[in-house]
Amino acid sequence: MTETITQVELENGLKVLMKEIHTAPIISQWVWYRVGSRFEKPGFTGISHWVEHMQFKGTAKFPAGVLDKAISRDGGYWNAFTYLDWTTFFETTPANKIDLAMTLEADRMVNSLFDENEVNSERTVVISEREGNENEPLFLLDEAVQFAAFDHHPYKNEVIGSIADLRSITRDDLYAHYRKYYNPGNAVLALAGDFDSEKILERIRQTYQPLHGHSVPEPEYLREQLLAEEKRIEVAGPGETTYLQVAWRSPAATEAEFFAFTIIDSLLTGPTSLNMFGGGGISNKTSRLYRRLVEKEYAISLNGSLQATHDPFLYTITITVHPKHQPEVVLEQLDKELDVLRQAPVKQTDIDRAAKQARALFSYGSENITNQAFWLGYSEMFDQYSWFTRYTSRLAEVTPEILLDTARKYLNQNQRVVGIYRPDGAKR
Amino acid sequence: MIPKYTLSSSIPGPADITRQVLRNGIVLLTRSNFNSSSVVISGYVSAGSQLDPLEKLGLAHFTALALMRGTESSDFQSLYDRLESAGASLGFGASVHTTSFSGRALAEDLPLLFATLAECLSSPVFPSEQVSRLRAQLLTGLAIRGQSTRDTAALEFDSLLFPDHPYGRPEDGYTETIQNITRDDLADFHRQQYGPEGMKLAVVGAVSADRVFELAEKHFGNWLTGHKRQTCSFKAIKPPQASITRKVIIPGKSQTDLIIGTLGPKRKDPEYLAASLGNSILGQFGLMGRVGDAVREKAGLAYYASASLNAWIESGSWEVSAGVSPGNVEKATALIIEELRRFTTEPVSQEELEDNQNNYIGRMPLSLESNAGVANSILNLERFELGLDYLQRYSTLVSALTREHILAAARKFINPDKLIIVSAGADGKVNNNP
């Protein structure tokens with residue numbers, strides 16, 4: 001990918017990335033903070049996500065009930081997300097209305113109130129969000145597998161946090177978390193759309209430069225490397241459907257092996273899209289595991305998940321087990337396919353095909369200005385924007401030998417968590 | 001900043017949507033976008049679940065999903081290999097009135113996408129082994145649906161709101177009805193219901209209208225069907241005569257899904273736009289409108305609580321839904337009904353009206369950013385006969401709405417004493433909240 005973007009760092013540490021796109025009169029602004037579940041200590045799981053919620057509960061200038069309407073009134077749309085390594089807020093608005101979005105984000109970067117009553121009302125909202133997740137068997141299985149796959153790293157916890165922590169975190173805990181992580185020195189501002197970079201930079205300086213910035217120290221823990229053994233866990237719950245999830249340590253996004261792993265994921269379970277908005281995906285019917293498991297009726301469906309993360313996280317394969325088989329039998333078949341991958345190099349044409357799929361997915365995602373602004377900030381949370389621009393070419397550089405080495409290093413039976421969701425079989 | 005162009009200049013209209021009709025009746029709608037390097041295809045044929053026999057509910061859906069399981073010239077794997085190797089995608093699905101399809105590809109691969117679409121629509125062979133495999137997948141999907149509080153609430157709501165009408169029946173059928181459907185049923189349904197008559201096809205992206213016409217002629221021009229399609233008529237749809245409350249218990253679930261609602265306008269009803277804007281005030285705007293404010297922001301009862309208006313060809317539904325703790329169902333129900341009562345007794349405020357008008361007018365171009373967004377929009381212009389200039393007239397239509405229009409629409413459709421109230425989840429005896 002070749003493109004021109006403007007990068008500037010303000011004196012308070014705010015990193016600004018801008019990309020002019022003049023295809024539609026729209027601007028999308030994203031503010032990214034380096035905070036997410038990766039930064040959470042035991043007893044405080046879910047605090048980053050809850051702080052994100054509180055960012056909609058008002059400042060002195062934009063009180064609760066005003067802030068949430070301000071962007072909608074201008075015909076824009078906005079939302080926020082909290083993840084392992086980051087929390088992000090965005091507004092996409094008509095180009096001539098972007099001023100309000102900038103004023104609002106700069107204001108709530110430092111001036112949110114965290115009113116006690118609002119905190120308590122939001123506590124039940126977040127618990128309700130978690131309860132909605134708990135209705136899904138795959139959330140319960142995911143949570144258990146993820147917890148078993150780490151010893152001490154905060155990645156072991158779900159972003160939404162545990163019920164116990166959500167009940168005990170206080171207003172002051174939330175506010176302290178906010179004050180520590182929300183400031184220009186720990187943030188990236190990304191804008192894409194119909195603007196003149198020089199002019200909008202002036203506006204950015206006026207809005208964000210007065211805010212005081214400080215850097216935030218890295219969390220005090222060690223990255224976890226490969227799992228030392230195979231762990232097996234089971235989750236029981238309502239339903240009739242059995243799920244199998246297998247998780248291995250995956251490389252961090254900055255490691256060279258990440259790109260080989262991306263190709264491995266594509267070969268095994270189909271290509272994964274980096275698009276957050278628009279673009280859709282590509283089906284996985286010709287992937288190796290679909291052919292071995294679904295076409296042979298061991299599984300109903302399957303998918304793989306490889307995330308670009310700051311520290312080594314997890315590569316997971318999730319399988320909806322065919323009712324005529326036990327999950328252990330499906331696991332044997334999965335292992336046979338992984339053996340193939342570990343035994344001999346794949347063909348170069350397989351790698352070329354995965355690289356073309358990635359190019360197509362980028363093309364689809366490029367149609368959407370909100371998605372392009374997302375891309376600008378996303379890779380800054382674990383690397384730099386160049387990670388993103390070099391993504392497809394680094395996939396194309398993967399050789400069959402590198403892929404073989406990566407599969408042999410990571411995808412072993414004695415270095416994984418095997419999780420089974422076993423339904424209690426009760427029918428209504 | 002002064003934008004170089006106005007919002008309306010990028011909105012699709014008669015000047016840049018090309019409408020062409022093939023000799024066999026297929027309508028083509030093209031909008032070129034050479035800023036993009038890819039192309040989206042979206043469209044439908046007139047073969048919907050309204051034609052499903054009751055004992056074979058899910059037939060149209062099953063048929064749609066089986067189209068890509070093998071054709072006269074390609075088997076399942078080779079069809080998908082062609083698409084996936086190019087990074088392209090194609091999928092089918094049935095709704096009540098139509099079977100729709102959508103696909104995308106890099107512009108260079110549009111011929112491949114056209115050829116595959118035509119092949120699947122006109123010459124599927126429904127191989128027995130594939131049909132049996134797909135059936136097992138559908139049955140597992142239904143088992144998962146039965147465990148979903150949201151899906152279960154929606155199914156129950158539709159069946160109570162639209163008794164004896166296809167709108168009240170699930171397009172994906174039930175376990176028993178999917179088991180009743182044979183391979184020959186799929187082939188028969190395809191032979192009897194699929195054809196160029198009533199087919200619409202929108203293409204948006206890096207391609208010219210001339211090229212689209214040429215490709216459509218090549219791949220669909222000779223598609224003819226010798227039969228006259230079956231049509232059907234159903235009982236008139238009437239609003240609920242009294243409130244009906246139904247609780248579906250799904251043991252072991254942490255959260256209960258709640259739907260409260262009634263009939264809404266058809267898409268072509270004159271009240272549609274006023275109802276839609278009113279719905280935004282009721283349960284969309286900002287953080288889910290008045291309903292979100294009452295149920296989520298003030299009472300802290302739910303993560304989501306919002307209103308939706310679903311307008312179809314023969315009728316529509318107007319629904320408020322929320323996910324709440326089992327012990328809070330009654331509290332949330334009371335809050336929602338109170339909001340519906342207020343919505344139908346007093347006009348919305350001038351500020352609410354203006355905020356929502358600005359939102360509707362401002363966000364419309366945002367929904368047209370992507371090729372897929374444009375394709376869906378122009379397909380709807382055709383489906384609901386709104387006119388190719390509708391999107392350009394839209395801001396005038398929205399600006400003309402008044403508080404009285406919204407109140408009249410609310411009163412016409414919503415009677416707070418005659419609602420369908422459905423919840424699905426665990427038994428509500430325990431309140432899990434602190």
# chains A, B, ... in the order shown; residues from 1 in each chain; ligands from 1

$ closest_atom_pairs --of "segment 270-326 of chain A" --to "segment 350-361 of chain A" --cutoff "9 Å" --atoms "only C-alpha atoms" --output "JSON lines"
{"residue": "A:Gly270", "atom": "CA", "partner": "A:Ala354", "partner_atom": "CA", "distance": 8.6}
{"residue": "A:Pro271", "atom": "CA", "partner": "A:Gln357", "partner_atom": "CA", "distance": 6.8}
{"residue": "A:Thr272", "atom": "CA", "partner": "A:Ala358", "partner_atom": "CA", "distance": 8.0}
{"residue": "A:Ser273", "atom": "CA", "partner": "A:Leu361", "partner_atom": "CA", "distance": 6.2}
{"residue": "A:Leu274", "atom": "CA", "partner": "A:Leu361", "partner_atom": "CA", "distance": 7.8}
{"residue": "A:Asn275", "atom": "CA", "partner": "A:Leu361", "partner_atom": "CA", "distance": 7.6}
{"residue": "A:Gly279", "atom": "CA", "partner": "A:Leu361", "partner_atom": "CA", "distance": 6.7}
{"residue": "A:Gly280", "atom": "CA", "partner": "A:Leu361", "partner_atom": "CA", "distance": 7.9}
{"residue": "A:Gly281", "atom": "CA", "partner": "A:Leu361", "partner_atom": "CA", "distance": 7.0}
{"residue": "A:Ile282", "atom": "CA", "partner": "A:Gln357", "partner_atom": "CA", "distance": 7.9}

$ select_by_dssp --residues "segment 121-312 of chain B" --states "alpha helix (DSSP H)" --output "PyMOL selection string"
chain B and resi 121-122+128-147+149-161+175-180+183-193+209-220+272-283+285-291

$ closest_residue --among "A:His49, A:His322, A:Arg223, A:Arg249" --to "chain B" --atoms "only C-alpha atoms"
A:His322

$ closest_atom_pairs --of "chain A" --to "chain B" --cutoff "7 Å" --atoms "only C-alpha atoms" --output "tab-separated table"
residue	atom	partner	partner_atom	distance
A:Thr23	CA	B:Asn35	CA	6.9
A:Ala24	CA	B:Ser10	CA	6.6
A:Pro25	CA	B:Leu7	CA	6.2
A:Asp68	CA	B:Gly286	CA	5.0
A:Lys69	CA	B:Gly286	CA	4.4
A:Ser72	CA	B:Asn359	CA	5.6
A:Arg73	CA	B:Asp355	CA	4.8
A:Asp74	CA	B:Asn359	CA	5.8
A:Gly75	CA	B:Gly362	CA	3.8
A:Gly76	CA	B:Arg363	CA	5.8
A:Pro94	CA	B:Gly362	CA	6.7
A:Ala95	CA	B:Pro3	CA	6.6
A:Asn96	CA	B:Met1	CA	6.2
A:Ser121	CA	B:Gly300	CA	4.7
A:Glu122	CA	B:Gly300	CA	6.1
A:Thr124	CA	B:Gly300	CA	5.5
A:Val125	CA	B:Tyr303	CA	4.9
A:Val126	CA	B:Tyr303	CA	6.5
A:Ser128	CA	B:Tyr303	CA	5.5
A:Glu129	CA	B:Tyr303	CA	5.0
A:Glu131	CA	B:Ser254	CA	5.1
A:Gly132	CA	B:Gln255	CA	5.4
A:Glu134	CA	B:Ser254	CA	6.2
A:Asn135	CA	B:Lys253	CA	5.2
A:Pro238	CA	B:Gly252	CA	6.0
A:Gly239	CA	B:Gln147	CA	6.0
A:Glu240	CA	B:Ala143	CA	6.4
A:Thr241	CA	B:Ile144	CA	6.9
A:Ile282	CA	B:Ser89	CA	5.4
A:Ser283	CA	B:Ser89	CA	6.5
A:Lys285	CA	B:Tyr80	CA	6.4
A:Thr286	CA	B:Asp81	CA	6.0
A:Ile300	CA	B:Gln137	CA	5.4
A:Arg353	CA	B:Ser85	CA	5.8
A:Lys356	CA	B:Gly87	CA	6.5
A:Gln357	CA	B:Gly87	CA	4.2
A:Ala360	CA	B:Gly87	CA	5.4
A:Ser363	CA	B:Ser37	CA	6.3
A:Tyr364	CA	B:Ser38	CA	6.5
A:Glu367	CA	B:Ser370	CA	5.2
A:Asn368	CA	B:Ser370	CA	5.5
A:Arg428	CA	B:Ile250	CA	6.8

$ select_by_dssp --residues "segment 19-105 of chain A" --states "strand (DSSP E or B)" --output "PyMOL selection string"
chain A and resi 19-20+26-33+58-59+63+77-82+87-94

$ write_last_selection --atoms "C-alpha atoms" --output "CSV table (one decimal), in the first residue's frame"
chain,number,residue,atom,x,y,z
A,19,LYS,CA,-4.9,11.2,5.8
A,20,GLU,CA,-6.7,13.3,3.3
A,26,ILE,CA,-17.0,13.3,5.5
A,27,ILE,CA,-14.4,13.3,8.3
A,28,SER,CA,-13.7,10.6,10.8
A,29,GLN,CA,-11.9,11.3,14.0
A,30,TRP,CA,-10.5,8.6,16.3
A,31,VAL,CA,-8.9,9.2,19.7
A,32,TRP,CA,-6.9,6.1,20.9
A,33,TYR,CA,-5.6,5.6,24.4
A,58,GLY,CA,-20.6,14.0,31.1
A,59,THR,CA,-18.2,16.8,31.7
A,63,PRO,CA,-23.2,17.2,30.9
A,77,TYR,CA,-22.3,8.8,14.3
A,78,TRP,CA,-19.9,7.8,17.1
A,79,ASN,CA,-19.0,5.0,19.4
A,80,ALA,CA,-16.2,3.6,21.5
A,81,PHE,CA,-14.5,0.3,22.0
A,82,THR,CA,-12.3,-1.2,24.7
A,87,THR,CA,-9.6,2.0,24.2
A,88,THR,CA,-10.8,4.2,21.3
A,89,PHE,CA,-13.5,6.7,20.7
A,90,PHE,CA,-14.6,7.9,17.3
A,91,GLU,CA,-16.9,10.3,15.5
A,92,THR,CA,-17.7,10.4,11.8
A,93,THR,CA,-19.4,13.5,10.8
A,94,PRO,CA,-20.1,15.7,7.8

$ residues_around --residues "Leu289 of chain A" --least-positions-apart "6" --cutoff "10 Å" --atoms "only C-alpha atoms" --output "JSON, numbers by chain"
{"A": [267, 268, 269, 270, 295, 296, 299, 301, 302, 303, 304, 317, 319, 333, 334, 336, 337, 338]}

$ write_last_selection --atoms "N, CA and C atoms" --output "short mmCIF file (atom, residue, chain, number, x, y, z; two decimals), in the first residue's frame"
data_model
loop_
_atom_site.label_atom_id
_atom_site.label_comp_id
_atom_site.auth_asym_id
_atom_site.auth_seq_id
_atom_site.Cartn_x
_atom_site.Cartn_y
_atom_site.Cartn_z
N LEU A 267 -4.77 -20.34 5.78
CA LEU A 267 -4.80 -21.68 5.19
C LEU A 267 -5.70 -22.62 6.00
N LEU A 268 -5.63 -22.49 7.32
CA LEU A 268 -6.38 -23.43 8.16
C LEU A 268 -7.87 -23.11 8.21
N THR A 269 -8.18 -21.83 8.41
CA THR A 269 -9.59 -21.49 8.70
C THR A 269 -10.15 -20.37 7.84
N GLY A 270 -9.39 -19.91 6.85
CA GLY A 270 -9.88 -18.84 5.98
C GLY A 270 -9.33 -17.49 6.38
N GLU A 295 -16.59 -30.70 5.70
CA GLU A 295 -16.94 -31.54 4.55
C GLU A 295 -17.01 -33.02 4.93
N LYS A 296 -16.26 -33.41 5.94
CA LYS A 296 -16.31 -34.82 6.40
C LYS A 296 -17.31 -35.00 7.54
N ALA A 299 -17.67 -31.50 11.88
CA ALA A 299 -18.03 -30.19 12.43
C ALA A 299 -19.13 -29.56 11.60
N SER A 301 -19.41 -26.00 11.68
CA SER A 301 -18.73 -24.81 11.20
C SER A 301 -17.49 -24.58 12.05
N LEU A 302 -16.63 -23.67 11.61
CA LEU A 302 -15.43 -23.37 12.39
C LEU A 302 -14.89 -22.01 12.00
N ASN A 303 -14.12 -21.46 12.90
CA ASN A 303 -13.40 -20.24 12.55
C ASN A 303 -12.12 -20.12 13.37
N GLY A 304 -11.22 -19.32 12.85
CA GLY A 304 -9.95 -19.10 13.55
C GLY A 304 -9.85 -17.64 13.96
N ILE A 317 -8.84 -21.68 17.55
CA ILE A 317 -9.72 -22.28 16.55
C ILE A 317 -10.97 -22.73 17.29
N ILE A 319 -14.72 -24.53 17.05
CA ILE A 319 -15.43 -25.48 16.19
C ILE A 319 -16.79 -25.80 16.78
N GLN A 333 -9.04 -35.31 14.50
CA GLN A 333 -9.00 -34.90 13.10
C GLN A 333 -8.28 -33.56 12.93
N LEU A 334 -8.53 -32.65 13.85
CA LEU A 334 -7.84 -31.35 13.82
C LEU A 334 -6.33 -31.58 13.89
N LYS A 336 -4.67 -34.16 12.97
CA LYS A 336 -4.15 -34.73 11.71
C LYS A 336 -3.84 -33.61 10.71
N GLU A 337 -4.71 -32.63 10.65
CA GLU A 337 -4.49 -31.54 9.69
C GLU A 337 -3.31 -30.68 10.12
N LEU A 338 -3.17 -30.48 11.42
CA LEU A 338 -2.03 -29.70 11.91
C LEU A 338 -0.71 -30.45 11.66
#

$ residues_around --residues "segment 183-200 of chain B" --least-positions-apart "6" --cutoff "7 Å" --atoms "only C-alpha atoms" --output "number ranges by chain"
B: 24-28, 43-47, 59, 63, 126, 128, 131, 223-225, 227, 229

$ write_last_selection --atoms "C-alpha atoms" --output "compact mmCIF listing (two decimals), in the first residue's frame"
# COMPACT_ATOMS: atom_id res chain seq x y z
CA ASN B 24 -36.25 -11.11 -20.05
CA GLY B 25 -37.28 -8.44 -17.53
CA ILE B 26 -34.24 -8.32 -15.25
CA VAL B 27 -33.75 -4.78 -13.96
CA LEU B 28 -30.16 -3.55 -13.70
CA GLY B 43 -30.06 -8.05 -5.75
CA TYR B 44 -32.94 -10.42 -5.45
CA VAL B 45 -35.29 -12.82 -7.24
CA SER B 46 -38.97 -13.14 -6.39
CA ALA B 47 -38.87 -16.38 -4.44
CA LEU B 59 -37.98 -24.28 2.14
CA THR B 63 -33.07 -23.63 -1.26
CA PHE B 126 -28.70 -29.81 -5.20
CA SER B 128 -27.95 -35.23 -2.17
CA VAL B 131 -28.17 -31.28 0.92
CA TRP B 223 -32.22 -17.08 -18.77
CA LEU B 224 -35.87 -17.81 -19.42
CA THR B 225 -38.46 -19.76 -17.50
CA HIS B 227 -43.68 -21.39 -16.16
CA ARG B 229 -44.87 -18.37 -10.89

$ closest_residue --among "A:Val16, A:Ile369, A:Val340, A:Ala308" --to "Thr254 of chain A" --atoms "only C-alpha atoms"
A:Ala308

$ residues_around --residues "Lys268 of chain B" --least-positions-apart "2" --cutoff "9 Å" --atoms "only C-alpha atoms" --output "JSON, numbers by chain"
{"B": [265, 266, 270, 271, 272, 311, 312, 313, 384, 385, 386]}

$ write_last_selection --atoms "C-alpha atoms" --output "mmCIF file, in the first residue's frame"
data_model
loop_
_atom_site.group_PDB
_atom_site.id
_atom_site.type_symbol
_atom_site.label_atom_id
_atom_site.label_comp_id
_atom_site.auth_asym_id
_atom_site.auth_seq_id
_atom_site.Cartn_x
_atom_site.Cartn_y
_atom_site.Cartn_z
ATOM 1 C CA PRO B 265 -46.473 1.102 8.762
ATOM 2 C CA LYS B 266 -45.708 -0.493 5.422
ATOM 3 C CA PRO B 270 -47.652 7.903 3.767
ATOM 4 C CA GLU B 271 -46.920 7.846 7.501
ATOM 5 C CA TYR B 272 -43.704 5.865 7.090
ATOM 6 C CA ALA B 311 -41.446 -1.602 7.399
ATOM 7 C CA TRP B 312 -42.158 -4.265 4.780
ATOM 8 C CA ILE B 313 -44.415 -4.617 1.777
ATOM 9 C CA PHE B 384 -40.347 0.049 -2.766
ATOM 10 C CA GLU B 385 -40.832 2.089 -5.970
ATOM 11 C CA LEU B 386 -39.561 5.254 -4.344
#

$ closest_residue --among "A:Ala236, A:Ile264, A:Val66, A:Leu376" --to "Leu411 of chain A" --atoms "only C-alpha atoms"
A:Ile264

$ atom_distance --atom1 "atom CA of Leu14 of chain A" --atom2 "atom CA of Glu380 of chain A"
12.1 Å

$ residues_around --residues "Pro53 of chain B" --least-positions-apart "6" --cutoff "12 Å" --atoms "only C-alpha atoms" --output "list of chain:residue names"
B:Leu59, B:Ala60, B:His165, B:Pro166, B:Arg169, B:Glu171, B:Gly173, B:Thr177, B:Ile178, B:Asn180, B:Ile181, B:Asp185, B:Phe189, B:Cys232

$ write_last_selection --atoms "N, CA and C atoms" --output "PDB file, in the first residue's frame"
ATOM      1  N   LEU B  59     -38.323 -23.764   3.489  1.00  0.00           N
ATOM      2  CA  LEU B  59     -37.984 -24.277   2.144  1.00  0.00           C
ATOM      3  C   LEU B  59     -37.236 -23.228   1.308  1.00  0.00           C
ATOM      4  N   ALA B  60     -37.730 -22.004   1.297  1.00  0.00           N
ATOM      5  CA  ALA B  60     -37.066 -20.962   0.486  1.00  0.00           C
ATOM      6  C   ALA B  60     -35.649 -20.706   1.011  1.00  0.00           C
ATOM      7  N   HIS B 165     -49.907 -15.516   9.158  1.00  0.00           N
ATOM      8  CA  HIS B 165     -49.314 -14.738   8.058  1.00  0.00           C
ATOM      9  C   HIS B 165     -47.830 -15.079   7.986  1.00  0.00           C
ATOM     10  N   PRO B 166     -47.254 -15.092   6.773  1.00  0.00           N
ATOM     11  CA  PRO B 166     -45.821 -15.427   6.661  1.00  0.00           C
ATOM     12  C   PRO B 166     -44.923 -14.515   7.499  1.00  0.00           C
ATOM     13  N   ARG B 169     -43.989 -16.140  10.693  1.00  0.00           N
ATOM     14  CA  ARG B 169     -43.316 -17.456  10.678  1.00  0.00           C
ATOM     15  C   ARG B 169     -41.822 -17.281  10.414  1.00  0.00           C
ATOM     16  N   GLU B 171     -38.366 -17.599   8.737  1.00  0.00           N
ATOM     17  CA  GLU B 171     -37.870 -17.954   7.390  1.00  0.00           C
ATOM     18  C   GLU B 171     -37.006 -19.205   7.444  1.00  0.00           C
ATOM     19  N   GLY B 173     -37.500 -21.734   9.397  1.00  0.00           N
ATOM     20  CA  GLY B 173     -38.295 -22.906   9.725  1.00  0.00           C
ATOM     21  C   GLY B 173     -38.129 -23.400  11.148  1.00  0.00           C
ATOM     22  N   THR B 177     -39.879 -29.045  10.421  1.00  0.00           N
ATOM     23  CA  THR B 177     -40.148 -28.712   9.012  1.00  0.00           C
ATOM     24  C   THR B 177     -38.889 -28.832   8.156  1.00  0.00           C
ATOM     25  N   ILE B 178     -37.734 -28.557   8.749  1.00  0.00           N
ATOM     26  CA  ILE B 178     -36.484 -28.715   7.979  1.00  0.00           C
ATOM     27  C   ILE B 178     -36.246 -30.209   7.721  1.00  0.00           C
ATOM     28  N   ASN B 180     -38.534 -32.314   7.192  1.00  0.00           N
ATOM     29  CA  ASN B 180     -39.503 -32.751   6.171  1.00  0.00           C
ATOM     30  C   ASN B 180     -39.074 -32.441   4.741  1.00  0.00           C
ATOM     31  N   ILE B 181     -38.130 -31.521   4.596  1.00  0.00           N
ATOM     32  CA  ILE B 181     -37.787 -31.038   3.245  1.00  0.00           C
ATOM     33  C   ILE B 181     -36.808 -32.008   2.575  1.00  0.00           C
ATOM     34  N   ASP B 185     -37.636 -31.446  -3.085  1.00  0.00           N
ATOM     35  CA  ASP B 185     -38.383 -30.222  -2.759  1.00  0.00           C
ATOM     36  C   ASP B 185     -37.572 -28.983  -3.144  1.00  0.00           C
ATOM     37  N   PHE B 189     -38.743 -26.355  -5.875  1.00  0.00           N
ATOM     38  CA  PHE B 189     -38.932 -24.948  -5.506  1.00  0.00           C
ATOM     39  C   PHE B 189     -38.125 -24.062  -6.451  1.00  0.00           C
ATOM     40  N   CYS B 232     -49.534 -15.948  -3.983  1.00  0.00           N
ATOM     41  CA  CYS B 232     -50.306 -16.354  -2.823  1.00  0.00           C
ATOM     42  C   CYS B 232     -50.935 -15.126  -2.179  1.00  0.00           C
TER      43      CYS B 232
END

$ decode --residues "segment 299-335 of chain B" --atoms "C-alpha atoms" --output "tab-separated table (two decimals), in the first residue's frame"
chain	number	residue	atom	x	y	z
B	299	ALA	CA	-32.72	3.32	35.75
B	300	GLY	CA	-29.52	1.43	34.86
B	301	LEU	CA	-31.63	-1.62	34.01
B	302	ALA	CA	-30.19	-2.62	30.67
B	303	TYR	CA	-27.13	-2.47	28.45
B	304	TYR	CA	-29.34	-2.08	25.42
B	305	ALA	CA	-32.86	-0.66	25.26
B	306	SER	CA	-33.98	0.76	21.94
B	307	ALA	CA	-36.81	1.05	19.46
B	308	SER	CA	-37.01	-0.19	15.90
B	309	LEU	CA	-39.38	0.25	13.02
B	310	ASN	CA	-39.45	-2.55	10.46
B	311	ALA	CA	-41.45	-1.60	7.40
B	312	TRP	CA	-42.16	-4.26	4.78
B	313	ILE	CA	-44.41	-4.62	1.78
B	314	GLU	CA	-47.69	-5.71	3.39
B	315	SER	CA	-47.20	-4.40	6.91
B	316	GLY	CA	-44.53	-3.66	9.47
B	317	SER	CA	-43.68	-3.88	13.14
B	318	TRP	CA	-42.87	-1.21	15.70
B	319	GLU	CA	-40.86	-2.69	18.53
B	320	VAL	CA	-39.05	-1.66	21.68
B	321	SER	CA	-36.52	-4.19	22.90
B	322	ALA	CA	-34.22	-4.48	25.89
B	323	GLY	CA	-31.92	-7.00	27.56
B	324	VAL	CA	-32.47	-7.00	31.33
B	325	SER	CA	-31.82	-9.07	34.42
B	326	PRO	CA	-34.61	-11.65	34.88
B	327	GLY	CA	-35.75	-9.90	38.04
B	328	ASN	CA	-36.10	-6.54	36.29
B	329	VAL	CA	-38.45	-7.53	33.47
B	330	GLU	CA	-41.53	-6.01	35.04
B	331	LYS	CA	-39.78	-2.80	36.00
B	332	ALA	CA	-38.40	-2.35	32.47
B	333	THR	CA	-41.78	-3.23	30.92
B	334	ALA	CA	-43.49	-0.54	32.98
B	335	LEU	CA	-40.90	2.07	31.99
